[in-house]
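Reading through the structure tokens given below for one structure.
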Amino acid sequence: MKAWIIKDIAPMKVEAKWDCERADEVLFGMPIEILSQEMGDWYKIKTHYRYEGMMHSSQFLVEELCSEKWLQGKKKMIIKSNADIVAEPKVQGAFIAELPRGSWIVTTDELVEERWQRVVLPNGTEGFTRIENIMETPEPAEDVEDLRQALVQAAELYQGAQYRWGGKTTRGLDCSGLCSMAYMLSGILIYRDAKIVEGFPLVEIPKDEIKKGDLLFFPGHVAMYIGDDEYIHSSSGLNGVGYNSLNPQAENFNEYLFNNFTMAASIFR
């Protein structure tokens, strides 16, 4: 059974209960597949990026209850770190929802003063958001160098975010949340966790061949290479998103990660 996320950030849990580890955050408007009912109102679900876990039924709306405007409408993506949806096309409009970057939204043909876009939510509620908050559903750049640069730029959108296990928004994200969101915003789906999984586009490459946008793997950790021996990552040690270097002479050299750099991976093979 198909359903759609109706909360700004829907926590996916490792067990069918609230008071346990968060596995992931599924963002507003994203489609999910309900695999089975586990316990009470808890269900095992699978995301469109093929990640599985437990979710409470309060976080989604089954497709048969969604509005036709939502189901038939053109899906776009929120690109602003957080975007308000309001009831009227003005900043004083009554608040409806706040959607994080990466959320899905349906747009109509209505623009107001070329600044406000009318949008539709899964339950049929309509509202407005600023046009610059939205982007087309991303497609990967055709030019390799452009795509590499797009990946780095997408990761850097999360500079300053705190570290949050299982998170993937500017309110907090973990290492694989950062990397998977950077790829998703660039039109590519990679596995959500810090490992290479068959069936996804990342493949192992020699560590001395890394280029911008490639991923660096450490035990239980992943980072994105941005060039000049630098990499961006979200780590508990930094309490969020920051930079370290593979160069022992650099001020931000991380000796532990350097000594435990186990593998590199790329989609460009």
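Following the order of the structure tokens, chains are lettered A, B, ..., residues in each are numbered from 1, and ligands are numbered from 1.
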
Quick one: residues within 6 Å of Lys44 of chain A, only C-alpha atoms, excluding same-chain residues fewer than 2 positions away - as a compact mmCIF listing (two decimals) with C-alpha atoms, in the first residue's frame?
# COMPACT_ATOMS: atom_id res chain seq x y z
CA LEU A 35 5.05 -3.22 4.04
CA SER A 36 3.28 -4.58 7.11
CA GLY A 53 12.15 0.98 9.16
CA MET A 54 9.23 1.51 11.53

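Residues lying within 6 Å of Val241 of chain A, counting only C-alpha atoms and ignoring same-chain neighbours fewer than 6 positions away, are Gln159, Gly160, Ala161, His233 and Ser234 of chain A.
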
Best match for closeness to Asp208 of chain A among A:Met1, A:Leu246, A:Ala182, A:Ala155, counting only C-alpha atoms
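Checking each of A:Met1, A:Leu246, A:Ala182, A:Ala155 against Asp208 of chain A, counting only C-alpha atoms, the winner is A:Leu246.
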
Give me the segment 117-196 of chain A side of the contact with segment 209-217 of chain A, cut-off 10 Å, one line per residue showing its nearest atom pair and distance in Å at one decimal, counting only C-alpha atoms, sorted by chain and residue number, as a Markdown table.
| residue | atom | partner | partner_atom | distance |
| --- | --- | --- | --- | --- |
| A:Glu145 | CA | A:Lys212 | CA | 8.5 |
| A:Leu147 | CA | A:Gly213 | CA | 8.1 |
| A:Arg148 | CA | A:Gly213 | CA | 4.9 |
| A:Gln149 | CA | A:Lys212 | CA | 6.8 |
| A:Ala150 | CA | A:Gly213 | CA | 8.2 |
| A:Leu151 | CA | A:Gly213 | CA | 5.5 |
| A:Val152 | CA | A:Gly213 | CA | 5.7 |
| A:Gln153 | CA | A:Gly213 | CA | 9.3 |
| A:Ala154 | CA | A:Gly213 | CA | 9.9 |
| A:Ala155 | CA | A:Gly213 | CA | 9.1 |
| A:Cys179 | CA | A:Leu215 | CA | 8.0 |
| A:Ala182 | CA | A:Gly213 | CA | 9.2 |
| A:Tyr183 | CA | A:Gly213 | CA | 8.9 |
| A:Ala194 | CA | A:Phe217 | CA | 7.1 |
| A:Lys195 | CA | A:Phe217 | CA | 7.4 |
| A:Ile196 | CA | A:Phe217 | CA | 9.1 |

If you count only C-alpha atoms, which residues fall within 10 Å of Lys75 of chain A, apart from same-chain ones fewer than 3 positions away, as a VMD selection string?
chain A and resid 29 to 30 70 to 72 103 to 108 119 to 120 135 to 137

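Proximity to Pro248 of chain A was assessed for A:Glu230, A:Lys7, A:Ala264, A:Arg50 counting only C-alpha atoms; the smallest distance is recorded for A:Glu230.
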